[in-house]
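File shown: target-v9.cif (mmCIF, C-alpha atoms).
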```cif
data_data
#
loop_
_atom_site.label_atom_id
_atom_site.label_comp_id
_atom_site.auth_asym_id
_atom_site.auth_seq_id
_atom_site.Cartn_x
_atom_site.Cartn_y
_atom_site.Cartn_z
CA MET A 1 92.78 185.02 47.87
CA ALA A 2 91.09 184.43 44.56
CA GLY A 3 92.43 186.55 41.75
CA LYS A 4 96.01 186.88 42.98
CA LYS A 5 98.80 186.43 40.46
CA MET A 6 102.48 185.56 40.58
CA ALA A 7 105.17 185.66 37.94
CA ILE A 8 108.58 184.03 38.33
CA ILE A 9 111.66 184.28 36.16
CA ALA A 10 113.66 181.06 36.57
CA THR A 11 117.24 181.52 35.41
CA LYS A 12 119.18 178.78 37.20
CA GLY A 13 119.62 175.14 36.28
CA ALA A 14 121.39 173.69 39.32
CA LEU A 15 119.52 171.26 41.56
CA ASP A 16 119.29 173.60 44.54
CA MET A 17 118.18 176.57 42.46
CA ALA A 18 115.64 174.48 40.54
CA TYR A 19 113.54 173.98 43.65
CA PRO A 20 112.42 177.51 44.65
CA PRO A 21 110.54 178.37 41.43
CA LEU A 22 108.76 175.00 41.38
CA ILE A 23 107.94 175.05 45.10
CA LEU A 24 106.56 178.57 44.98
CA ALA A 25 104.67 178.01 41.73
CA SER A 26 103.00 174.79 42.95
CA THR A 27 102.15 176.32 46.32
CA ALA A 28 100.71 179.51 44.85
CA ALA A 29 98.63 177.41 42.45
CA ALA A 30 97.33 175.39 45.42
CA LEU A 31 96.27 178.68 46.99
CA GLY A 32 94.29 179.50 43.88
CA TRP A 33 96.76 181.97 42.40
CA GLU A 34 97.29 182.32 38.68
CA VAL A 35 100.97 181.59 38.06
CA GLN A 36 103.36 181.95 35.15
CA VAL A 37 107.00 180.90 35.16
CA PHE A 38 109.32 182.30 32.51
CA PHE A 39 112.35 180.03 32.01
CA THR A 40 115.43 181.65 30.57
CA PHE A 41 119.13 180.84 30.27
CA TYR A 42 119.99 177.86 32.52
CA GLY A 43 116.45 177.78 33.87
CA LEU A 44 115.48 176.16 30.56
CA GLN A 45 116.97 172.93 31.92
CA LEU A 46 113.87 172.62 34.12
CA LEU A 47 111.70 172.24 31.04
CA ARG A 48 113.63 169.32 29.57
CA LYS A 49 111.81 166.01 29.41
CA ASP A 50 114.73 164.39 31.18
CA LEU A 51 115.70 166.17 34.39
CA SER A 52 118.43 163.72 35.34
CA GLY A 53 121.09 166.12 34.05
CA ILE A 54 120.28 168.64 36.78
CA LYS A 55 123.08 168.55 39.34
CA ILE A 56 124.44 170.28 42.38
CA SER A 57 128.08 171.25 42.67
CA PRO A 58 130.01 171.73 45.90
CA LEU A 59 132.51 173.78 43.89
CA ALA A 60 132.30 177.52 44.56
CA ASN A 61 129.51 176.72 47.01
CA PRO A 62 131.16 177.14 50.41
CA ALA A 63 127.83 177.21 52.24
CA MET A 64 126.89 173.69 51.15
CA PRO A 65 126.90 171.43 54.22
CA MET A 66 129.29 168.52 53.64
CA PRO A 67 129.45 165.29 55.65
CA VAL A 68 133.23 165.73 55.86
CA PRO A 69 135.26 168.90 55.20
CA MET A 70 136.39 168.81 51.59
CA PRO A 71 139.17 170.98 50.17
CA VAL A 72 138.41 172.79 46.93
CA VAL A 73 141.05 170.79 45.02
CA VAL A 74 139.11 167.63 45.90
CA GLN A 75 135.76 169.18 44.93
CA MET A 76 137.02 169.73 41.40
CA LEU A 77 137.97 166.10 40.78
CA PRO A 78 136.00 164.26 38.08
CA GLY A 79 132.85 162.64 39.42
CA MET A 80 132.53 164.89 42.48
CA GLU A 81 129.53 166.70 41.03
CA SER A 82 127.69 163.46 40.33
CA MET A 83 128.54 162.16 43.78
CA ALA A 84 127.33 165.35 45.48
CA THR A 85 124.13 165.17 43.42
CA MET A 86 123.54 161.55 44.32
CA MET A 87 124.05 162.28 48.00
CA MET A 88 121.80 165.33 47.92
CA LYS A 89 119.02 163.45 46.11
CA ALA A 90 119.25 160.57 48.59
CA LYS A 91 119.02 163.01 51.49
CA MET A 92 116.05 164.79 49.94
CA LYS A 93 114.23 161.51 49.40
CA LYS A 94 114.86 160.46 52.99
CA LYS A 95 113.46 163.78 54.25
CA GLY A 96 110.32 163.55 52.12
CA VAL A 97 111.29 166.38 49.77
CA ALA A 98 109.51 166.06 46.43
CA SER A 99 111.56 165.33 43.32
CA LEU A 100 111.77 168.04 40.67
CA GLU A 101 109.73 165.81 38.37
CA GLU A 102 106.95 165.54 40.94
CA LEU A 103 106.84 169.27 41.65
CA ARG A 104 106.83 170.04 37.94
CA SER A 105 103.94 167.62 37.36
CA ILE A 106 101.98 169.23 40.20
CA CYS A 107 102.56 172.66 38.61
CA ILE A 108 101.30 171.44 35.25
CA GLU A 109 98.26 169.70 36.77
CA SER A 110 97.37 172.89 38.62
CA ASP A 111 97.53 175.02 35.48
CA VAL A 112 100.78 176.89 36.11
CA LYS A 113 101.79 178.35 32.77
CA PHE A 114 105.37 177.57 31.72
CA ILE A 115 107.00 179.85 29.17
CA ALA A 116 110.35 179.10 27.53
CA CYS A 117 112.36 182.15 26.53
CA GLN A 118 112.62 181.90 22.75
CA MET A 119 115.87 183.86 22.56
CA THR A 120 117.75 181.52 24.91
CA VAL A 121 116.14 178.42 23.38
CA ASP A 122 117.68 179.53 20.09
CA LEU A 123 120.94 180.62 21.73
CA PHE A 124 121.55 177.18 23.21
CA GLU A 125 120.10 175.46 20.14
CA PHE A 126 117.51 173.53 22.10
CA GLN A 127 114.86 171.76 20.05
CA LYS A 128 111.18 171.80 20.96
CA HIS A 129 111.27 168.03 21.33
CA ASP A 130 113.84 168.42 24.13
CA PHE A 131 111.14 170.04 26.23
CA ILE A 132 107.95 168.77 27.84
CA ASP A 133 104.67 169.32 26.01
CA GLY A 134 102.21 172.03 26.89
CA ILE A 135 104.66 174.89 27.33
CA GLU A 136 104.60 178.19 25.51
CA TYR A 137 107.41 180.11 23.86
CA GLY A 138 107.75 183.84 24.23
CA GLY A 139 109.86 186.88 24.86
CA ALA A 140 110.36 189.62 27.39
CA ALA A 141 107.38 191.67 26.20
CA MET A 142 105.06 188.69 26.64
CA PHE A 143 106.38 188.16 30.15
CA MET A 144 106.05 191.85 31.06
CA LYS A 145 102.41 191.88 30.00
CA PHE A 146 101.56 189.31 32.68
CA ALA A 147 104.20 190.50 35.18
CA GLY A 148 102.64 193.96 35.14
CA GLU A 149 99.38 192.53 36.47
CA THR A 150 100.87 190.42 39.25
CA ASP A 151 100.88 190.73 43.02
CA VAL A 152 104.20 188.90 43.37
CA CYS A 153 107.00 188.90 40.82
CA LEU A 154 110.26 187.06 41.50
CA PHE A 155 113.59 186.64 39.78
CA ILE A 156 115.25 183.38 40.78
CA MET B 1 85.85 165.17 65.59
CA ASN B 2 83.96 163.60 62.69
CA PHE B 3 85.44 163.81 59.23
CA ASP B 4 84.52 162.72 55.72
CA LYS B 5 87.98 162.02 54.33
CA GLU B 6 91.51 161.63 55.57
CA PHE B 7 94.86 162.53 54.02
CA ASP B 8 98.08 161.26 55.55
CA ALA B 9 100.96 163.60 54.72
CA SER B 10 103.34 161.92 57.15
CA GLY B 11 106.94 162.02 55.95
CA LEU B 12 106.24 164.67 53.31
CA ALA B 13 108.15 167.96 53.28
CA CYS B 14 107.12 171.44 52.14
CA PRO B 15 105.25 172.12 49.88
CA LEU B 16 103.74 168.62 49.52
CA PRO B 17 101.46 168.64 52.61
CA ILE B 18 99.78 171.80 51.27
CA VAL B 19 99.60 171.00 47.57
CA LYS B 20 98.34 167.49 48.30
CA THR B 21 95.81 168.77 50.82
CA LYS B 22 94.49 171.01 48.06
CA LYS B 23 94.26 167.94 45.81
CA SER B 24 92.45 165.94 48.50
CA LEU B 25 89.88 168.70 48.90
CA ALA B 26 89.21 168.83 45.17
CA ASP B 27 86.69 165.98 45.01
CA MET B 28 84.96 166.85 48.29
CA ALA B 29 81.70 168.72 48.66
CA SER B 30 81.34 172.09 50.32
CA GLY B 31 80.97 171.69 54.08
CA GLN B 32 82.69 168.30 54.24
CA VAL B 33 85.60 167.87 56.64
CA LEU B 34 89.09 166.66 55.73
CA ARG B 35 91.45 165.33 58.40
CA VAL B 36 95.13 165.85 57.56
CA VAL B 37 98.00 164.26 59.44
CA ALA B 38 101.50 165.64 58.90
CA THR B 39 104.98 165.33 60.37
CA ASP B 40 106.45 168.50 58.84
CA PRO B 41 106.59 171.14 61.63
CA GLY B 42 106.29 173.84 58.94
CA SER B 43 102.84 172.56 58.06
CA VAL B 44 101.37 174.14 61.22
CA CYS B 45 101.87 177.70 59.94
CA ASP B 46 101.36 176.66 56.32
CA MET B 47 97.99 175.03 56.92
CA GLN B 48 96.77 178.18 58.68
CA ALA B 49 97.95 180.32 55.76
CA PHE B 50 96.42 177.89 53.27
CA ALA B 51 93.04 178.10 55.01
CA GLU B 52 93.15 181.90 55.24
CA GLN B 53 93.92 182.27 51.54
CA THR B 54 91.57 179.66 50.15
CA GLY B 55 88.51 180.28 52.32
CA HIS B 56 88.45 176.75 53.78
CA THR B 57 87.94 176.72 57.54
CA LEU B 58 90.68 175.31 59.75
CA LEU B 59 88.45 173.81 62.45
CA SER B 60 91.37 172.64 64.54
CA SER B 61 95.13 172.29 64.54
CA SER B 62 96.69 170.07 67.17
CA THR B 63 99.50 167.66 67.99
CA GLU B 64 98.81 163.96 68.54
CA ASN B 65 101.60 161.45 69.20
CA SER B 66 104.19 163.91 67.87
CA LYS B 67 102.22 164.33 64.62
CA TYR B 68 100.32 167.41 63.50
CA VAL B 69 96.61 166.93 62.96
CA PHE B 70 94.37 169.35 61.11
CA PHE B 71 90.64 169.42 60.43
CA LEU B 72 89.67 171.47 57.41
CA LYS B 73 86.11 172.26 56.42
CA LYS B 74 85.78 172.77 52.70
CA ALA B 75 84.44 176.17 51.63
#
```
Mind converting the file's structure to structure tokens?
Amino acid sequence: MAGKKMAIIATKGALDMAYPPLILASTAAALGWEVQVFFTFYGLQLLRKDLSGIKISPLANPAMPMPVPMPVVVQMLPGMESMATMMMKAKMKKKGVASLEELRSICIESDVKFIACQMTVDLFEFQKHDFIDGIEYGGAAMFMKFAGETDVCLFI
Amino acid sequence: MNFDKEFDASGLACPLPIVKTKKSLADMASGQVLRVVATDPGSVCDMQAFAEQTGHTLLSSSTENSKYVFFLKKA
């Protein structure tokens, strides 16, 4: 319906948690909604030019389906995170799931507004050149102004 | 059914069939018909919801050779 609005707070930077904000934002934009995503804490990773550092960890994630049962002591070995990420990305590609880069591009093309939380940008000492162009920087009050007008507001 | 343009979303998973359908409709004129083919079972409900929320008319939604086929008339 024309005129609907959605605001999302994206706080997570792991591969699995990076998907929901970008899927919902791109879909809502395709439906004609006005969408803003406020990236804070680890969610800021989704705004980096290079998304290759976004990983999934089997550690402390007992619900993650594994091809073979893997004891926790094995999950914490060096390289396990990269291996799990590689396997997950290969599976996603095989199943036709969009890459994070593709979903993010679709969001930008469809005028989703991305806002980086200034406080956490400073906290983690990110530089503006770490992030993609065309994003805005703001704080909680700026987010609340838009969030207060929305039909759907999510914290992810 | 006659159509003016076709978009093959075979092999694509949610939300790509919907967001790319929206893209395909962008350069079409009002009243023209887009045929979409998809393999994602979720696209059946999603296409209906997409049409309801955007004002485009879902002329038909069917299954052909284990693929999902939609005809959308642009609003």
Which residue is closest to Thr63 (chain B)? Choose from B:Val37, B:Ala26, B:Ala13, B:Ile18 and count only C-alpha atoms. B:Val37
Kindly provide, as a PyMOL selection string, the residues of chain A having any atom no farther than 8 Å from an atom of chain B, counting only C-alpha atoms. chain A and resi 1-2+23+26-27+30-32+95-98+106
What would the selection look like, as a PyMOL selection string, if the PyMOL selection byres ((chain B and resi 32) around 9) were run on the coordinates I just shared? chain B and resi 3-5+25+28-31+33-34+72-75
Among the residues B:Ser61, B:Ser66, B:Ser24, B:Ser43, the one that comes closest to Phe7 (chain B) [using only C-alpha atoms]: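 Closest candidate: B:Ser24.
Reported to one decimal place, the separation of CA of Gly13 (chain A) from CA of Lys55 (chain A) is 8.0 Å.
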Between CA of Leu24 (chain A) and CA of Thr40 (chain A), what is the spacing in Å?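 Answer for the CA of Thr40 (chain A) to CA of Leu24 (chain A) separation: 17.2 Å.
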Quick one: residues within 10 Å of Met88 (chain A), all atoms listed in the file counted, chain neighbours fewer than 6 positions away excluded, as a list in words? Leu15, Asp16, Lys55, Ile56, Met66, Ser82 and Lys94 of chain A
Please output region 56-73 of chain B, rebuilt to include N, CA and C atoms, as a short mmCIF file (atom, residue, chain, number, x, y, z; two decimals), in the coordinates of the input.
```cif
data_model
loop_
_atom_site.label_atom_id
_atom_site.label_comp_id
_atom_site.auth_asym_id
_atom_site.auth_seq_id
_atom_site.Cartn_x
_atom_site.Cartn_y
_atom_site.Cartn_z
N HIS B 56 88.83 177.94 53.01
CA HIS B 56 88.45 176.75 53.78
C HIS B 56 88.63 177.07 55.27
N THR B 57 87.85 176.40 56.12
CA THR B 57 87.94 176.72 57.54
C THR B 57 88.82 175.70 58.25
N LEU B 58 89.83 176.20 58.95
CA LEU B 58 90.68 175.31 59.75
C LEU B 58 89.98 175.15 61.10
N LEU B 59 89.25 174.03 61.23
CA LEU B 59 88.45 173.81 62.45
C LEU B 59 89.34 173.57 63.66
N SER B 60 90.44 172.83 63.44
CA SER B 60 91.37 172.64 64.54
C SER B 60 92.75 172.26 64.03
N SER B 61 93.73 172.59 64.85
CA SER B 61 95.13 172.29 64.54
C SER B 61 95.75 171.83 65.85
N SER B 62 96.19 170.58 65.90
CA SER B 62 96.69 170.07 67.17
C SER B 62 97.83 169.08 66.96
N THR B 63 98.41 168.65 68.05
CA THR B 63 99.50 167.66 67.99
C THR B 63 99.04 166.38 68.68
N GLU B 64 99.17 165.26 67.97
CA GLU B 64 98.81 163.96 68.54
C GLU B 64 99.97 163.01 68.29
N ASN B 65 100.49 162.40 69.34
CA ASN B 65 101.60 161.45 69.20
C ASN B 65 102.72 162.00 68.32
N SER B 66 103.14 163.19 68.61
CA SER B 66 104.19 163.91 67.87
C SER B 66 103.90 164.07 66.37
N LYS B 67 102.61 164.00 66.00
CA LYS B 67 102.22 164.33 64.62
C LYS B 67 101.27 165.53 64.67
N TYR B 68 101.19 166.24 63.56
CA TYR B 68 100.32 167.41 63.50
C TYR B 68 99.01 167.00 62.82
N VAL B 69 97.91 167.34 63.48
CA VAL B 69 96.61 166.93 62.96
C VAL B 69 95.74 168.16 62.70
N PHE B 70 95.19 168.21 61.51
CA PHE B 70 94.37 169.35 61.11
C PHE B 70 92.99 168.88 60.65
N PHE B 71 91.99 169.66 60.96
CA PHE B 71 90.64 169.42 60.43
C PHE B 71 90.25 170.63 59.60
N LEU B 72 90.01 170.38 58.33
CA LEU B 72 89.67 171.47 57.41
C LEU B 72 88.26 171.27 56.88
N LYS B 73 87.47 172.31 56.98
CA LYS B 73 86.11 172.26 56.42
C LYS B 73 86.13 172.95 55.07
#
```
